[in-house]
$ cat final-v2.json   # JSON, C-alpha atoms
[["chain", "number", "residue", "atom", "x", "y", "z"],
["N", 1, "MET", "CA", 7.85, 27.05, 10.69],
["N", 2, "SER", "CA", 5.23, 26.93, 7.92],
["N", 3, "ARG", "CA", 4.81, 23.49, 6.37],
["N", 4, "LEU", "CA", 2.33, 22.47, 3.67],
["N", 5, "LEU", "CA", 0.82, 19.04, 3.04],
["N", 6, "VAL", "CA", -0.59, 18.46, -0.45],
["N", 7, "LEU", "CA", -3.28, 15.75, -0.56],
["N", 8, "GLY", "CA", -2.95, 14.03, -3.92],
["N", 9, "ALA", "CA", 0.25, 13.43, -5.88],
["N", 10, "GLY", "CA", -1.15, 13.15, -9.40],
["N", 11, "GLY", "CA", -0.67, 15.68, -12.18],
["N", 12, "HIS", "CA", -2.79, 18.33, -10.48],
["N", 13, "GLY", "CA", -0.88, 17.73, -7.25],
["N", 14, "LYS", "CA", 2.45, 18.34, -8.97],
["N", 15, "VAL", "CA", 1.24, 21.59, -10.53],
["N", 16, "LEU", "CA", -0.20, 22.74, -7.20],
["N", 17, "ALA", "CA", 2.97, 21.85, -5.29],
["N", 18, "GLU", "CA", 5.10, 23.78, -7.81],
["N", 19, "ALA", "CA", 2.82, 26.82, -7.44],
["N", 20, "ALA", "CA", 3.12, 26.63, -3.66],
["N", 21, "GLU", "CA", 6.88, 26.23, -3.88],
["N", 22, "ALA", "CA", 7.22, 29.16, -6.29],
["N", 23, "SER", "CA", 5.18, 31.38, -3.96],
["N", 24, "GLY", "CA", 7.88, 31.04, -1.29],
["N", 25, "ARG", "CA", 5.33, 30.92, 1.53],
["N", 26, "TRP", "CA", 6.27, 27.52, 2.95],
["N", 27, "ASP", "CA", 9.48, 26.21, 4.48],
["N", 28, "ALA", "CA", 8.63, 22.62, 3.56],
["N", 29, "ILE", "CA", 6.17, 20.85, 1.24],
["N", 30, "ALA", "CA", 5.24, 17.16, 1.30],
["N", 31, "MET", "CA", 2.49, 15.05, -0.25],
["N", 32, "LEU", "CA", 0.01, 12.40, 0.81],
["N", 33, "ASP", "CA", -1.31, 9.83, -1.67],
["N", 34, "ASP", "CA", -2.64, 6.30, -1.36],
["N", 35, "ARG", "CA", 0.10, 5.23, -3.81],
["N", 36, "HIS", "CA", 2.82, 6.62, -1.54],
["N", 37, "SER", "CA", 4.88, 3.41, -1.51],
["N", 38, "LEU", "CA", 5.18, 3.61, -5.31],
["N", 39, "LEU", "CA", 5.53, 7.39, -5.66],
["N", 40, "ASN", "CA", 7.94, 8.32, -2.89],
["N", 41, "GLY", "CA", 11.31, 9.17, -4.38],
["N", 42, "SER", "CA", 9.89, 9.72, -7.88],
["N", 43, "LEU", "CA", 8.78, 13.33, -7.29],
["N", 44, "ARG", "CA", 10.50, 16.52, -6.17],
["N", 45, "TRP", "CA", 8.59, 16.38, -2.91],
["N", 46, "PRO", "CA", 8.44, 13.49, -0.46],
["N", 47, "VAL", "CA", 5.24, 11.42, -0.47],
["N", 48, "ILE", "CA", 5.12, 10.62, 3.21],
["N", 49, "GLY", "CA", 1.90, 8.66, 3.63],
["N", 50, "SER", "CA", -1.65, 7.93, 2.53],
["N", 51, "ILE", "CA", -4.65, 10.24, 2.71],
["N", 52, "ASP", "CA", -5.84, 8.46, 5.88],
["N", 53, "ASP", "CA", -2.55, 9.38, 7.57],
["N", 54, "CYS", "CA", -3.53, 13.07, 7.81],
["N", 55, "SER", "CA", -4.15, 12.90, 11.53],
["N", 56, "VAL", "CA", -0.64, 11.55, 12.12],
["N", 57, "PHE", "CA", 0.90, 14.72, 10.69],
["N", 58, "SER", "CA", -1.45, 17.33, 12.15],
["N", 59, "SER", "CA", 0.91, 18.29, 14.95],
["N", 60, "GLU", "CA", 3.95, 18.74, 12.67],
["N", 61, "TRP", "CA", 2.42, 20.28, 9.54],
["N", 62, "SER", "CA", 0.60, 23.60, 9.81],
["N", 63, "ASP", "CA", -1.25, 23.76, 6.48],
["N", 64, "ALA", "CA", -2.98, 21.38, 4.08],
["N", 65, "ILE", "CA", -4.38, 21.77, 0.57],
["N", 66, "VAL", "CA", -6.35, 19.25, -1.51],
["N", 67, "ALA", "CA", -5.12, 18.47, -5.03],
["N", 68, "VAL", "CA", -7.90, 16.44, -6.63],
["N", 69, "GLY", "CA", -10.08, 17.55, -9.52],
["N", 70, "HIS", "CA", -13.36, 16.01, -8.35],
["N", 71, "SER", "CA", -15.20, 18.76, -6.49],
["N", 72, "VAL", "CA", -17.18, 16.58, -4.07],
["N", 73, "THR", "CA", -14.02, 14.76, -2.98],
["N", 74, "ARG", "CA", -12.05, 17.99, -2.80],
["N", 75, "LEU", "CA", -14.56, 19.66, -0.50],
["N", 76, "ARG", "CA", -14.96, 16.56, 1.67],
["N", 77, "TRP", "CA", -11.21, 16.29, 2.17],
["N", 78, "LEU", "CA", -11.00, 20.00, 2.95],
["N", 79, "GLU", "CA", -13.55, 19.50, 5.71],
["N", 80, "MET", "CA", -11.52, 16.55, 7.01],
["N", 81, "VAL", "CA", -8.21, 18.43, 7.24],
["N", 82, "GLU", "CA", -9.91, 21.45, 8.82],
["N", 83, "SER", "CA", -11.45, 19.20, 11.46],
["N", 84, "LEU", "CA", -7.94, 17.94, 12.24],
["N", 85, "GLY", "CA", -6.72, 21.48, 12.88],
["N", 86, "PHE", "CA", -4.91, 22.21, 9.62],
["N", 87, "ALA", "CA", -5.15, 25.66, 8.09],
["N", 88, "THR", "CA", -6.39, 25.53, 4.47],
["N", 89, "PRO", "CA", -4.61, 28.39, 2.68],
["N", 90, "VAL", "CA", -5.11, 29.96, -0.72],
["N", 91, "VAL", "CA", -2.25, 28.98, -3.05],
["N", 92, "VAL", "CA", -1.40, 31.55, -5.73],
["N", 93, "HIS", "CA", 1.34, 31.07, -8.32],
["N", 94, "PRO", "CA", 3.54, 34.20, -8.44],
["N", 95, "SER", "CA", 2.84, 34.71, -12.16],
["N", 96, "ALA", "CA", -0.92, 34.97, -11.51],
["N", 97, "TRP", "CA", -2.68, 38.32, -11.03],
["N", 98, "VAL", "CA", -5.19, 38.51, -8.18],
["N", 99, "SER", "CA", -6.83, 41.86, -7.58],
["N", 100, "PRO", "CA", -6.38, 43.26, -4.07],
["N", 101, "SER", "CA", -10.16, 43.68, -3.94],
["N", 102, "ALA", "CA", -10.92, 40.04, -4.79],
["N", 103, "LYS", "CA", -12.03, 37.76, -1.94],
["N", 104, "ILE", "CA", -10.89, 34.15, -2.08],
["N", 105, "ALA", "CA", -11.86, 31.46, 0.43],
["N", 106, "GLY", "CA", -9.49, 28.85, 1.84],
["N", 107, "GLY", "CA", -8.43, 25.79, -0.10],
["N", 108, "THR", "CA", -8.60, 27.58, -3.45],
["N", 109, "VAL", "CA", -5.69, 27.50, -5.91],
["N", 110, "ILE", "CA", -4.81, 30.06, -8.60],
["N", 111, "MET", "CA", -2.38, 28.60, -11.13],
["N", 112, "ALA", "CA", 0.29, 30.15, -13.36],
["N", 113, "ASN", "CA", -0.72, 33.08, -15.58],
["N", 114, "ALA", "CA", -4.31, 33.06, -14.30],
["N", 115, "THR", "CA", -6.16, 36.32, -13.59],
["N", 116, "VAL", "CA", -8.74, 37.17, -10.95],
["N", 117, "GLN", "CA", -10.06, 40.69, -11.37],
["N", 118, "ALA", "CA", -11.58, 43.40, -9.17],
["N", 119, "ASP", "CA", -14.22, 42.43, -6.60],
["N", 120, "ALA", "CA", -14.42, 38.80, -7.73],
["N", 121, "ARG", "CA", -15.55, 36.36, -5.02],
["N", 122, "LEU", "CA", -14.32, 32.76, -5.04],
["N", 123, "GLY", "CA", -15.68, 30.14, -2.64],
["N", 124, "ARG", "CA", -13.69, 27.51, -0.79],
["N", 125, "GLY", "CA", -11.90, 24.78, -2.68],
["N", 126, "CYS", "CA", -12.01, 26.37, -6.15],
["N", 127, "ILE", "CA", -9.48, 25.77, -8.92],
["N", 128, "VAL", "CA", -8.57, 28.55, -11.35],
["N", 129, "ASN", "CA", -6.22, 26.70, -13.64],
["N", 130, "THR", "CA", -3.39, 27.71, -15.96],
["N", 131, "GLY", "CA", -4.04, 30.85, -18.00],
["N", 132, "ALA", "CA", -7.71, 31.14, -17.00],
["N", 133, "SER", "CA", -9.37, 34.48, -16.28],
["N", 134, "VAL", "CA", -12.13, 35.44, -13.85],
["N", 135, "ASP", "CA", -13.21, 38.99, -14.56],
["N", 136, "HIS", "CA", -14.63, 41.69, -12.32],
["N", 137, "ASP", "CA", -17.48, 40.97, -9.91],
["N", 138, "CYS", "CA", -17.72, 37.25, -10.73],
["N", 139, "ARG", "CA", -19.12, 34.97, -8.02],
["N", 140, "LEU", "CA", -17.85, 31.37, -7.89],
["N", 141, "GLY", "CA", -19.37, 28.92, -5.42],
["N", 142, "ALA", "CA", -17.58, 26.24, -3.44],
["N", 143, "GLY", "CA", -15.62, 23.65, -5.40],
["N", 144, "VAL", "CA", -15.91, 25.34, -8.81],
["N", 145, "HIS", "CA", -13.26, 24.07, -11.24],
["N", 146, "ILE", "CA", -12.12, 26.48, -13.96],
["N", 147, "CYS", "CA", -9.91, 24.53, -16.38],
["N", 148, "PRO", "CA", -6.91, 25.93, -18.31],
["N", 149, "GLY", "CA", -7.69, 28.74, -20.73],
["N", 150, "VAL", "CA", -11.25, 29.37, -19.56],
["N", 151, "HIS", "CA", -12.44, 33.00, -19.73],
["N", 152, "LEU", "CA", -15.30, 34.42, -17.68],
["N", 153, "GLY", "CA", -16.75, 37.83, -18.50],
["N", 154, "GLY", "CA", -17.64, 40.27, -15.77],
["N", 155, "GLU", "CA", -20.41, 39.52, -13.24],
["N", 156, "VAL", "CA", -20.67, 35.83, -14.09],
["N", 157, "VAL", "CA", -22.19, 33.70, -11.30],
["N", 158, "ILE", "CA", -21.28, 29.99, -11.05],
["N", 159, "GLY", "CA", -22.88, 27.63, -8.53],
["N", 160, "ASP", "CA", -21.22, 25.09, -6.26],
["N", 161, "GLY", "CA", -19.40, 22.18, -7.83],
["N", 162, "SER", "CA", -19.58, 23.27, -11.46],
["N", 163, "TRP", "CA", -16.81, 22.42, -13.93],
["N", 164, "LEU", "CA", -15.82, 24.47, -16.99],
["N", 165, "GLY", "CA", -13.73, 22.56, -19.53],
["N", 166, "ILE", "CA", -10.52, 23.74, -21.14],
["N", 167, "GLY", "CA", -10.85, 26.74, -23.42],
["N", 168, "SER", "CA", -14.53, 27.40, -22.71],
["N", 169, "SER", "CA", -15.88, 30.90, -22.19],
["N", 170, "VAL", "CA", -18.86, 32.65, -20.59],
["N", 171, "ILE", "CA", -20.10, 36.06, -21.68],
["N", 172, "HIS", "CA", -20.72, 38.72, -19.07],
["N", 173, "CYS", "CA", -23.65, 38.71, -16.63],
["N", 174, "ARG", "CA", -24.59, 35.05, -17.13],
["N", 175, "THR", "CA", -25.54, 32.61, -14.34],
["N", 176, "ILE", "CA", -24.43, 28.98, -14.33],
["N", 177, "GLY", "CA", -26.09, 26.73, -11.77],
["N", 178, "CYS", "CA", -24.68, 24.13, -9.40],
["N", 179, "GLU", "CA", -23.08, 20.87, -10.61],
["N", 180, "VAL", "CA", -23.01, 22.05, -14.23],
["N", 181, "MET", "CA", -20.51, 20.68, -16.75],
["N", 182, "VAL", "CA", -19.43, 22.95, -19.61],
["N", 183, "ALA", "CA", -17.58, 21.08, -22.36],
["N", 184, "ALA", "CA", -14.16, 22.08, -23.62],
["N", 185, "GLY", "CA", -14.33, 24.94, -26.11],
["N", 186, "ALA", "CA", -17.98, 25.76, -25.44],
["N", 187, "THR", "CA", -19.25, 29.35, -25.42],
["N", 188, "VAL", "CA", -21.96, 30.09, -22.87],
["N", 189, "ILE", "CA", -24.26, 32.94, -23.94],
["N", 190, "ASP", "CA", -27.38, 31.97, -21.93],
["N", 191, "ASP", "CA", -28.00, 31.09, -18.28],
["N", 192, "ILE", "CA", -27.49, 27.40, -17.47],
["N", 193, "GLU", "CA", -29.68, 25.55, -14.95],
["N", 194, "ASP", "CA", -28.44, 23.29, -12.17],
["N", 195, "GLY", "CA", -27.10, 19.89, -13.19],
["N", 196, "MET", "CA", -26.97, 20.51, -16.94],
["N", 197, "THR", "CA", -24.17, 19.42, -19.27],
["N", 198, "VAL", "CA", -23.67, 21.79, -22.18],
["N", 199, "ALA", "CA", -21.43, 21.85, -25.24],
["N", 200, "GLY", "CA", -20.93, 23.75, -28.48],
["N", 201, "VAL", "CA", -20.91, 27.32, -29.80],
["N", 202, "PRO", "CA", -23.24, 28.57, -28.52],
["N", 203, "ALA", "CA", -23.45, 26.10, -25.65],
["N", 204, "ARG", "CA", -26.56, 23.92, -25.61],
["N", 205, "GLU", "CA", -27.65, 21.06, -23.37],
["N", 206, "ILE", "CA", -26.40, 17.63, -24.42],
["N", 207, "ILE", "CA", -29.22, 15.08, -24.75],
["N", 208, "SER", "CA", -28.12, 11.49, -24.31],
["N", 209, "ARG", "CA", -29.23, 8.80, -26.77],
["N", 210, "ARG", "CA", -31.04, 7.08, -23.91],
["N", 211, "ASN", "CA", -33.13, 10.21, -23.27],
["N", 212, "LYS", "CA", -33.95, 10.50, -26.97],
["N", 213, "SER", "CA", -35.38, 6.98, -27.20]]
$ encode --input "final-v2.json" --output "structure tokens"
Amino acid sequence: MSRLLVLGAGGHGKVLAEAAEASGRWDAIAMLDDRHSLLNGSLRWPVIGSIDDCSVFSSEWSDAIVAVGHSVTRLRWLEMVESLGFATPVVVHPSAWVSPSAKIAGGTVIMANATVQADARLGRGCIVNTGASVDHDCRLGAGVHICPGVHLGGEVVIGDGSWLGIGSSVIHCRTIGCEVMVAAGATVIDDIEDGMTVAGVPAREIISRRNKS
């Protein structure tokens, strides 16, 4: 019997659980959240304990997936559940298109109406959110978060832990470093170095007032 635990019962957790349910892969789905005493009974899925209760359920639940947006936390929790013996599957909504030649590591989620094209490579714990597209030969590192409506051209490379805000886009053959933040609606036409925050059309680094003084 295949049973899935979803760690995190916030908005992202609900969307992820619905995608998992729609895929038809699991016989049962339940959630863990530190607010379980408040949330249980208010959602379509039972919230059966806190995050720290993972080990209690490792013998009864085969799979676990992490439903938090923060990449460092997401990857840390993935390591935790793997150490407890859970499998960390890829969750794909049935309305998404994932090329048969794409390679996607465990703990990654592909939401409704998203597209992952030929020979794309996605690292562990990525999020490709609603209506986003990852075109051919893209390379996404661990924990990359692609928000709703983001579009990546072909052969884009994105480093570990980077976040691309809703509606942003990256032209083909560009490289975005690790821990980069791309603001909502931005258009990336140049390579972006590690740790930068960029915004605008075209995207440029944001300089804080403190750094200007």
$ closest_residue --input "final-v2.json" --among "N:Glu18, N:Asp27, N:Asp53, N:Asp194" --to "N:Cys178" --atoms "all atoms listed in the file"
N:Asp194
$ atom_distance --input "final-v2.json" --atom1 "atom CA of N:His93" --atom2 "atom CA of N:Glu60"
24.5 Å
$ closest_residue --input "final-v2.json" --among "N:Val157, N:Ile189, N:Leu43, N:Ala87" --to "N:Ile176" --atoms "all atoms listed in the file"
N:Val157
$ closest_residue --input "final-v2.json" --among "N:Ile192, N:Pro46, N:Gly11, N:Ala142" --to "N:Thr108" --atoms "all atoms listed in the file"
N:Ala142
$ residues_around --input "final-v2.json" --residues "N:Gly85" --least-positions-apart "3" --cutoff "8 Å" --atoms "all atoms listed in the file" --output "PyMOL selection string"
chain N and resi 58+81-82
$ write_last_selection --input "final-v2.json" --atoms "C-alpha atoms" --output "short mmCIF file (atom, residue, chain, number, x, y, z; two decimals), in the frame of the given file"
data_model
loop_
_atom_site.label_atom_id
_atom_site.label_comp_id
_atom_site.auth_asym_id
_atom_site.auth_seq_id
_atom_site.Cartn_x
_atom_site.Cartn_y
_atom_site.Cartn_z
CA SER N 58 -1.45 17.33 12.15
CA VAL N 81 -8.21 18.43 7.24
CA GLU N 82 -9.91 21.45 8.82
#
$ residues_near_point --input "final-v2.json" --point "(-12.7, 22.8, -8.9)" --cutoff "6 Å" --atoms "only C-alpha atoms" --output "PDB file with C-alpha atoms, in the coordinates of the input"
ATOM      1  CA  GLY N  69     -10.080  17.550  -9.520  1.00  0.00           C
ATOM      2  CA  SER N  71     -15.200  18.760  -6.490  1.00  0.00           C
ATOM      3  CA  CYS N 126     -12.010  26.370  -6.150  1.00  0.00           C
ATOM      4  CA  ILE N 127      -9.480  25.770  -8.920  1.00  0.00           C
ATOM      5  CA  GLY N 143     -15.620  23.650  -5.400  1.00  0.00           C
ATOM      6  CA  VAL N 144     -15.910  25.340  -8.810  1.00  0.00           C
ATOM      7  CA  HIS N 145     -13.260  24.070 -11.240  1.00  0.00           C
TER       8      HIS N 145
END
$ residues_around --input "final-v2.json" --residues "N:Ser42" --least-positions-apart "5" --cutoff "12 Å" --atoms "all atoms listed in the file" --output "list of chain:residue names"
N:Ala9, N:Gly10, N:Lys14, N:Met31, N:Arg35, N:His36, N:Ser37, N:Val47
$ residues_around --input "final-v2.json" --residues "N:Pro89" --least-positions-apart "4" --cutoff "12 Å" --atoms "only C-alpha atoms" --output "PyMOL selection string"
chain N and resi 2-6+20+25-26+62-66+78+81-82+104-110+124-126
$ closest_atom_pairs --input "final-v2.json" --of "stretch 34-100 of chain N" --to "stretch 135-140 of chain N" --cutoff "12 Å" --atoms "all atoms listed in the file" --output "JSON lines"
{"residue": "N:Trp97", "atom": "CA", "partner": "N:Asp135", "partner_atom": "CA", "distance": 11.1}
{"residue": "N:Val98", "atom": "CA", "partner": "N:Asp135", "partner_atom": "CA", "distance": 10.3}
{"residue": "N:Ser99", "atom": "CA", "partner": "N:His136", "partner_atom": "CA", "distance": 9.1}
{"residue": "N:Pro100", "atom": "CA", "partner": "N:His136", "partner_atom": "CA", "distance": 11.8}
$ residues_around --input "final-v2.json" --residues "N:Thr187" --least-positions-apart "3" --cutoff "12 Å" --atoms "only C-alpha atoms" --output "number ranges by chain"
N: 150-153, 164-172, 174, 182-184, 190-192, 198-205
$ decode --input "final-v2.json" --residues "stretch 188-203 of chain N" --atoms "N, CA and C atoms" --output "PDB file, in the first residue's frame"
ATOM      1  N   VAL N 188      15.130  38.262 -17.448  1.00  0.00           N
ATOM      2  CA  VAL N 188      16.576  38.061 -17.337  1.00  0.00           C
ATOM      3  C   VAL N 188      17.144  37.880 -18.742  1.00  0.00           C
ATOM      4  N   ILE N 189      18.030  38.798 -19.140  1.00  0.00           N
ATOM      5  CA  ILE N 189      18.670  38.694 -20.458  1.00  0.00           C
ATOM      6  C   ILE N 189      20.188  38.551 -20.347  1.00  0.00           C
ATOM      7  N   ASP N 190      20.730  38.644 -19.126  1.00  0.00           N
ATOM      8  CA  ASP N 190      22.161  38.486 -18.885  1.00  0.00           C
ATOM      9  C   ASP N 190      22.366  37.445 -17.795  1.00  0.00           C
ATOM     10  N   ASP N 191      23.568  36.877 -17.718  1.00  0.00           N
ATOM     11  CA  ASP N 191      23.892  35.957 -16.638  1.00  0.00           C
ATOM     12  C   ASP N 191      23.815  36.686 -15.292  1.00  0.00           C
ATOM     13  N   ILE N 192      23.442  35.940 -14.254  1.00  0.00           N
ATOM     14  CA  ILE N 192      23.286  36.505 -12.916  1.00  0.00           C
ATOM     15  C   ILE N 192      24.219  35.761 -11.962  1.00  0.00           C
ATOM     16  N   GLU N 193      25.022  36.486 -11.211  1.00  0.00           N
ATOM     17  CA  GLU N 193      25.981  35.868 -10.296  1.00  0.00           C
ATOM     18  C   GLU N 193      25.312  35.364  -9.022  1.00  0.00           C
ATOM     19  N   ASP N 194      26.017  34.483  -8.318  1.00  0.00           N
ATOM     20  CA  ASP N 194      25.528  33.937  -7.061  1.00  0.00           C
ATOM     21  C   ASP N 194      25.088  35.041  -6.105  1.00  0.00           C
ATOM     22  N   GLY N 195      23.974  34.789  -5.419  1.00  0.00           N
ATOM     23  CA  GLY N 195      23.547  35.640  -4.313  1.00  0.00           C
ATOM     24  C   GLY N 195      22.909  36.956  -4.695  1.00  0.00           C
ATOM     25  N   MET N 196      22.765  37.246  -5.963  1.00  0.00           N
ATOM     26  CA  MET N 196      22.202  38.528  -6.374  1.00  0.00           C
ATOM     27  C   MET N 196      20.678  38.518  -6.293  1.00  0.00           C
ATOM     28  N   THR N 197      20.102  39.696  -6.082  1.00  0.00           N
ATOM     29  CA  THR N 197      18.670  39.921  -6.206  1.00  0.00           C
ATOM     30  C   THR N 197      18.463  40.880  -7.360  1.00  0.00           C
ATOM     31  N   VAL N 198      17.648  40.477  -8.333  1.00  0.00           N
ATOM     32  CA  VAL N 198      17.467  41.294  -9.528  1.00  0.00           C
ATOM     33  C   VAL N 198      15.992  41.568  -9.766  1.00  0.00           C
ATOM     34  N   ALA N 199      15.711  42.668 -10.434  1.00  0.00           N
ATOM     35  CA  ALA N 199      14.335  43.062 -10.728  1.00  0.00           C
ATOM     36  C   ALA N 199      14.324  43.906 -11.990  1.00  0.00           C
ATOM     37  N   GLY N 200      13.153  43.990 -12.633  1.00  0.00           N
ATOM     38  CA  GLY N 200      12.963  44.902 -13.747  1.00  0.00           C
ATOM     39  C   GLY N 200      13.072  44.255 -15.105  1.00  0.00           C
ATOM     40  N   VAL N 201      12.845  45.064 -16.133  1.00  0.00           N
ATOM     41  CA  VAL N 201      12.902  44.638 -17.537  1.00  0.00           C
ATOM     42  C   VAL N 201      13.813  45.602 -18.283  1.00  0.00           C
ATOM     43  N   PRO N 202      15.041  45.193 -18.616  1.00  0.00           N
ATOM     44  CA  PRO N 202      15.650  43.907 -18.259  1.00  0.00           C
ATOM     45  C   PRO N 202      16.041  43.866 -16.787  1.00  0.00           C
ATOM     46  N   ALA N 203      16.251  42.662 -16.276  1.00  0.00           N
ATOM     47  CA  ALA N 203      16.557  42.495 -14.856  1.00  0.00           C
ATOM     48  C   ALA N 203      17.928  43.074 -14.528  1.00  0.00           C
TER      49      ALA N 203
END
